[in-house]
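Participant: Once you've had a glance at the structure underneath, I'll fire off some questions.
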Amino acid sequence: MDLFEYQGKQYFARYDIPVSKGDVAVTVDQAIAAADAAGYPVVVKAQVQVGGRGKAGGIKLANNADEVRTHAGNILGMDIKGHLVKRVWVENASDIAEEYYASFTLDRGAKKHLLMLSREGGVEIEEVAEKNPAAILMLHIDPVDGLPAAAAKKAAVDAKIPEAAQQGVADILVQLYRCFVEGDCDLAEINPLILKPTGEVHALDAKVSLDENAEFRHPEWAEFQATVELDARELLAREKGLQYIGLDGTVGIIANGAGLAMSTLDVVNQVGGSAANFLDIGGGANADVMAGALEVINSDKNVKSIFINIFGGITRGDEVAKGIVEALGRVDLRAPIVIRLDGTNATEGRDILKNAGIPESKLTSKSTMLEAAAAAVALAK
Amino acid sequence: MAIFVDQNTKVIVQGLTGGQGKYHGLRNKAYGTQIVAGVTPGKGGTDVEGVPVYNSVAEAVKATGATASFVTVPPKAASAAILEAASAGITFIVCITEGIPAQDEARTYNTMVRDFPKVRLLGPNCPGIISPGKCNIGITAGEIAQLPTAKGPNVGIVSRSGTLTYQALYELKQLGIGVSTCVGIGGDPVPGTSFIDCLREFQADPETHAIIMIGEIGGSAEEEAAEFIKDNVTKPMSAYIAGVTAPAGKKMGHAGAIVSGGKGTAQGKMDALRAAGVLVGHNPTEAGSLMAGIVAGLS
């Protein structure tokens with residue numbers, strides 16, 4: 001789950017990472033109130049999860065309430081690369097002496113945490129990596145050891161952070177690492193991490209991505225969930241606890257397991273069709289889950305046929321079949337189903353479907369993934 | 001021969017008294033796997049259809065001499081269960097649990113490397129391992145795996161995705177090709193066992209004559225495997241990578257499956273494998289028929 005900048009800053013603040021005084025606003029009046037509280041001059045920043053906000057006119061400096069009114073009025077409702085600006089973050093403007101970069105992620109290849117620290121901040125780190133890789137310090141951290149203060153200080157020195165900023169940067173690294181680990185982030189990034197003329201080091205931006213598997217131990221994430229931007233289909237899927245990603249095609253996809261679901265998308269594509277979604281009903285899905293999945297697919301007006309691709313392991317074919325029968329009784333499906341059912345209890349599942357008296361115009365069964373994909377694509381045309 | 005597990009492997013099930021643990025543990029037993037005990041704290045002294053349950057892994061190991069464990073407990077308890085097994089002398093741990101936080105996984109993995117370097121963890125979030133006819137630990141339906149033959153050729157399977165592992169087994173069964181061992185390494189960001197670990201074992205296993213590898217988008221495990229194959233694997237291979245049509249920046253179900261910053265694409269992985277001499281199919285069926293061609297050439 002990716003956080004907006006303002007949420008990232010609020011999250012940073014929980015871990016004592018210094019951020020600018022500010023607040024989020026959804027109206028012009030709120031923006032002015034936030035500016036008054038933060039102290040002028042302020043920066044009004046569009047809250048969208050896409051790069052290039054500044055160039056698009058989504059970040060403006062305001063010296064007084066009138067300027068805040070003008071800028072917030074312009075920015076709220078603005079479309080930035082297809083993202084509608086619903087909120088602005090208004091914060092006290094910082095004087096900047098230098099800009100650095102710091103982030104923590106998991107290096108999957110090394111199976112260790114990775115600190116990236118650079119004295120060249122304020123630009124995309126990918127750009128720095130390409131043009132001047134030597135300017136980035138990459139330090140692997142064993143999760144068992146963590147990042148002691150001395151190691152953080154050494155990293156700041158090794159990254160050639162100027163001496164005046166070294167201690168401040170090291171302190172923030174320790175705090176940011178704690179945020180990354182205890183806060184269950186996939187990514188915790190500060191770009192730019194600034195040195196003020198007065199000598200303080202400070203996070204001017206926040207990019208945080210949270211690991212949804214850790215949601216159970218973070219009740220405070222509920223407020224972030226509320227602002228995740230989903231389309232109607234994705235909202236319905238979330239309510240039903242399904243792994244769903246909306247796409248633009250016409251063949252609705254239901255599969256068990258992420259790999260099989262991805263593969264189903266690929267195969268539909270190979271036989272000349274296009275998938276309307278990615279939907280993984282997960283391991284051990286029961287009749288209820290299958291019925292819910294069909295409801296979600298049915299809510300997508302673009303869907304012309306539904307391809308259910310199940311290979312039972314922990315998921316059982318009989319449960320899948322019961323769910324389909326139940327769903328057909330509960331929802332009036334607009335599109336016909338093509339099913340391919342194999343693996344655990346597949347025979348029982350096929351028998352349930354056969355004996356349920358479903359007309360062939362509503363459901364056909366195919367024995368291989370490719371045949372089923374071809375049939376579903378033909379029905380969608 | 002088979003890799004990692006065979007007919008002599010004695011297995012305990014951590015979580016045998018839970019719904020999934022009971023279903024799959026007993027199914028593994030019915031397949032012929034030596035399921036010798038279950039472990040559930042507080043339920044020691046009871047049994048699950050004749051399989052004795054102990055309070056701790058240490059007690060179960062002492063009583064049965066088990067060397068492998070099937071961990072099927074909820075995400076919150078999984079890391080502790082894995083480390084309990086390792087410290088009690090278990091040397092092969094299969095964890096099927098889905099949804100373990102990445103931070104826990106990274107810490108558990110590195111704790112294992114440091115404190116229990118000889119213990120192998122398979123998973124988490126994996127379907128398990130099956131050496132057909134000998135041992136099945138995990139959630140794979142045993143009947144979809146073709147038995148290996150004494151003279152071969154037999155195929156080893158290694159896969160990052162659960163259901164695609166079954167698909168691969170199924171494709172080979174349709175073609176009548178024997179399987180030496182099938183390993184599902186799981187789709188999480190920090191798997192205990194990598195493609196390379198399995199490829200090394202398959203290369204050394206005299207009963208394995210060819211290898212199928214199933215990968216997916218995200219990370220760089222397939223590219224690293226391709227590098228390894230180039231220098232170390234002489235047995236013929238076919239492969240399939242899922243997620244050619246996956247949009248960038250979207251996690252496709254698995255915590256590990258995401259194309260980000262132009263990295264981890266299916267195309268890049270396929271190219272790397274092809275450059276290492278692997279035959280790459282565009283879908284699981286094609287990977288299966290490519291393997292059929294390889295096997296025909298070997299027999």
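All residue names refer to the structure tokens as shown: chains lettered A, B, ... in order, residues numbered from 1 in each chain, ligands numbered from 1 in order.
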Which residues in stretch 184-283 of chain A does DSSP call strand (DSSP E)? List them as an NGL selection string.
Facilitator: :A and (185-195 or 201-203 or 207-210 or 243-246 or 251-255 or 277-280)
Participant: Under the rule of at most 7 Å, produce a per-residue listing of chain B near chain A: chain, number, name, the closest pair of atoms, and the distance in Å, as a Markdown table, using only C-alpha atoms.
Facilitator:
```
| residue | atom | partner | partner_atom | distance |
| --- | --- | --- | --- | --- |
| B:Gly99 | CA | A:Asn213 | CA | 5.1 |
| B:Ile100 | CA | A:Asn213 | CA | 5.9 |
| B:Pro101 | CA | A:Asn213 | CA | 4.8 |
| B:Gln103 | CA | A:Val181 | CA | 6.4 |
| B:Ala106 | CA | A:Pro143 | CA | 6.5 |
| B:Arg107 | CA | A:Pro143 | CA | 5.2 |
| B:Asn110 | CA | A:Val144 | CA | 6.5 |
| B:Thr111 | CA | A:Val144 | CA | 6.4 |
| B:Ile139 | CA | A:Gly313 | CA | 5.6 |
| B:Thr140 | CA | A:Gly313 | CA | 5.2 |
| B:Ala141 | CA | A:Thr344 | CA | 5.7 |
| B:Ile144 | CA | A:Gly343 | CA | 7.0 |
| B:Ser161 | CA | A:Gly259 | CA | 5.0 |
| B:Gly162 | CA | A:Gly257 | CA | 6.5 |
| B:Thr163 | CA | A:Gly257 | CA | 5.6 |
| B:Leu164 | CA | A:Leu260 | CA | 5.5 |
| B:Tyr166 | CA | A:Phe311 | CA | 7.0 |
| B:Pro189 | CA | A:Arg108 | CA | 6.0 |
| B:Val190 | CA | A:Lys111 | CA | 6.1 |
| B:Glu216 | CA | A:Gly259 | CA | 6.9 |
| B:Gly219 | CA | A:Arg108 | CA | 6.5 |
| B:Ser220 | CA | A:Gly109 | CA | 6.5 |
| B:Ala221 | CA | A:Gly109 | CA | 6.8 |
| B:Ala242 | CA | A:Ser263 | CA | 5.0 |
| B:Gly243 | CA | A:Met262 | CA | 5.0 |
| B:Val244 | CA | A:Asp266 | CA | 6.0 |
| B:Thr245 | CA | A:Asp266 | CA | 5.6 |
| B:Ala246 | CA | A:Met262 | CA | 7.0 |
| B:Met252 | CA | A:Ala258 | CA | 6.3 |
| B:Gly253 | CA | A:Ala258 | CA | 4.9 |
| B:His254 | CA | A:Ala258 | CA | 5.8 |
| B:Asn283 | CA | A:Val267 | CA | 6.6 |
```
Participant: For B:Tyr31, which residue among B:Glu223, B:Glu143, B:Glu286, B:Glu171 is the nearest when counting only C-alpha atoms?
Facilitator: B:Glu143
Participant: Which residues, written as a list in words, have at least one atom at most 10 Å from B:Asp197, with only C-alpha atoms counted and residues fewer than 6 positions away on the same chain left out?
Facilitator: Arg120, Val158, Ile185 and Ala225 of chain B
Participant: Export C-alpha atoms of the chosen residues as a PDB file, in the first residue's frame?
Facilitator:
```pdb
ATOM      1  CA  ARG B 120      16.891 -25.868   5.026  1.00  0.00           C
ATOM      2  CA  VAL B 158      11.209 -26.157  -9.405  1.00  0.00           C
ATOM      3  CA  ILE B 185       9.870 -22.506  -3.499  1.00  0.00           C
ATOM      4  CA  ALA B 225      19.219 -18.730 -11.766  1.00  0.00           C
TER       5      ALA B 225
END
```
Participant: I want to know what sits within 12 Å of B:Lys263, based on only C-alpha atoms, with residues of the same chain fewer than 3 positions away left out; could you give that as a list in words?
Facilitator: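 With the cut-off at 12 Å, the set is Glu126 of chain A; Ile217, Gly218, Gly219, Ser220, Ala221, Glu222, Glu223, Ala248, Gly249, Ala257, Ile258, Val259, Ser260, Ala266, Gln267, Gly268 and Lys269 of chain B.
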Participant: Okay, now the selection with N, CA and C atoms, as an mmCIF file, in the first residue's frame?
Facilitator:
```
data_model
loop_
_atom_site.group_PDB
_atom_site.id
_atom_site.type_symbol
_atom_site.label_atom_id
_atom_site.label_comp_id
_atom_site.auth_asym_id
_atom_site.auth_seq_id
_atom_site.Cartn_x
_atom_site.Cartn_y
_atom_site.Cartn_z
ATOM 1 N N GLU A 126 17.038 6.877 -9.626
ATOM 2 C CA GLU A 126 17.386 6.060 -10.803
ATOM 3 C C GLU A 126 18.303 6.852 -11.742
ATOM 4 N N ILE B 217 7.025 -12.866 -12.657
ATOM 5 C CA ILE B 217 7.550 -11.502 -12.624
ATOM 6 C C ILE B 217 7.983 -11.110 -11.210
ATOM 7 N N GLY B 218 8.830 -10.080 -11.138
ATOM 8 C CA GLY B 218 9.254 -9.539 -9.848
ATOM 9 C C GLY B 218 10.587 -10.095 -9.403
ATOM 10 N N GLY B 219 11.371 -9.230 -8.726
ATOM 11 C CA GLY B 219 12.666 -9.657 -8.201
ATOM 12 C C GLY B 219 13.625 -10.048 -9.301
ATOM 13 N N SER B 220 14.695 -10.749 -8.934
ATOM 14 C CA SER B 220 15.700 -11.117 -9.927
ATOM 15 C C SER B 220 16.132 -12.565 -9.771
ATOM 16 N N ALA B 221 15.293 -13.371 -9.110
ATOM 17 C CA ALA B 221 15.672 -14.767 -8.830
ATOM 18 C C ALA B 221 15.871 -15.563 -10.117
ATOM 19 N N GLU B 222 15.050 -15.289 -11.135
ATOM 20 C CA GLU B 222 15.175 -16.046 -12.387
ATOM 21 C C GLU B 222 16.453 -15.662 -13.119
ATOM 22 N N GLU B 223 16.787 -14.361 -13.080
ATOM 23 C CA GLU B 223 18.011 -13.907 -13.740
ATOM 24 C C GLU B 223 19.235 -14.511 -13.051
ATOM 25 N N ALA B 248 2.819 -2.806 -15.033
ATOM 26 C CA ALA B 248 3.868 -2.389 -14.101
ATOM 27 C C ALA B 248 3.258 -1.731 -12.867
ATOM 28 N N GLY B 249 3.930 -1.891 -11.751
ATOM 29 C CA GLY B 249 3.533 -1.201 -10.531
ATOM 30 C C GLY B 249 2.385 -1.836 -9.779
ATOM 31 N N ALA B 257 5.569 -10.578 -6.481
ATOM 32 C CA ALA B 257 5.347 -10.459 -7.920
ATOM 33 C C ALA B 257 4.960 -9.050 -8.318
ATOM 34 N N ILE B 258 5.944 -8.236 -8.620
ATOM 35 C CA ILE B 258 5.652 -6.873 -9.070
ATOM 36 C C ILE B 258 6.759 -6.397 -10.001
ATOM 37 N N VAL B 259 6.335 -5.780 -11.100
ATOM 38 C CA VAL B 259 7.290 -5.162 -12.009
ATOM 39 C C VAL B 259 7.451 -3.719 -11.555
ATOM 40 N N SER B 260 8.663 -3.346 -11.138
ATOM 41 C CA SER B 260 8.840 -1.955 -10.711
ATOM 42 C C SER B 260 10.127 -1.384 -11.268
ATOM 43 N N ALA B 266 8.749 -10.172 -17.223
ATOM 44 C CA ALA B 266 8.768 -11.541 -17.733
ATOM 45 C C ALA B 266 9.732 -11.641 -18.918
ATOM 46 N N GLN B 267 9.702 -10.611 -19.784
ATOM 47 C CA GLN B 267 10.553 -10.646 -20.972
ATOM 48 C C GLN B 267 12.033 -10.735 -20.596
ATOM 49 N N GLY B 268 12.456 -9.908 -19.645
ATOM 50 C CA GLY B 268 13.851 -9.921 -19.207
ATOM 51 C C GLY B 268 14.258 -11.284 -18.674
ATOM 52 N N LYS B 269 13.355 -11.901 -17.946
ATOM 53 C CA LYS B 269 13.649 -13.210 -17.363
ATOM 54 C C LYS B 269 13.728 -14.287 -18.447
#
```
Participant: Need the shell around B:Pro236: protein/DNA/RNA residues with any atom at most 8 Å away, counting only C-alpha atoms. Skip same-chain ones fewer than 3 positions apart. Format as an MDAnalysis selection string?
Facilitator: chainID B and resid 209:211 233 278 294
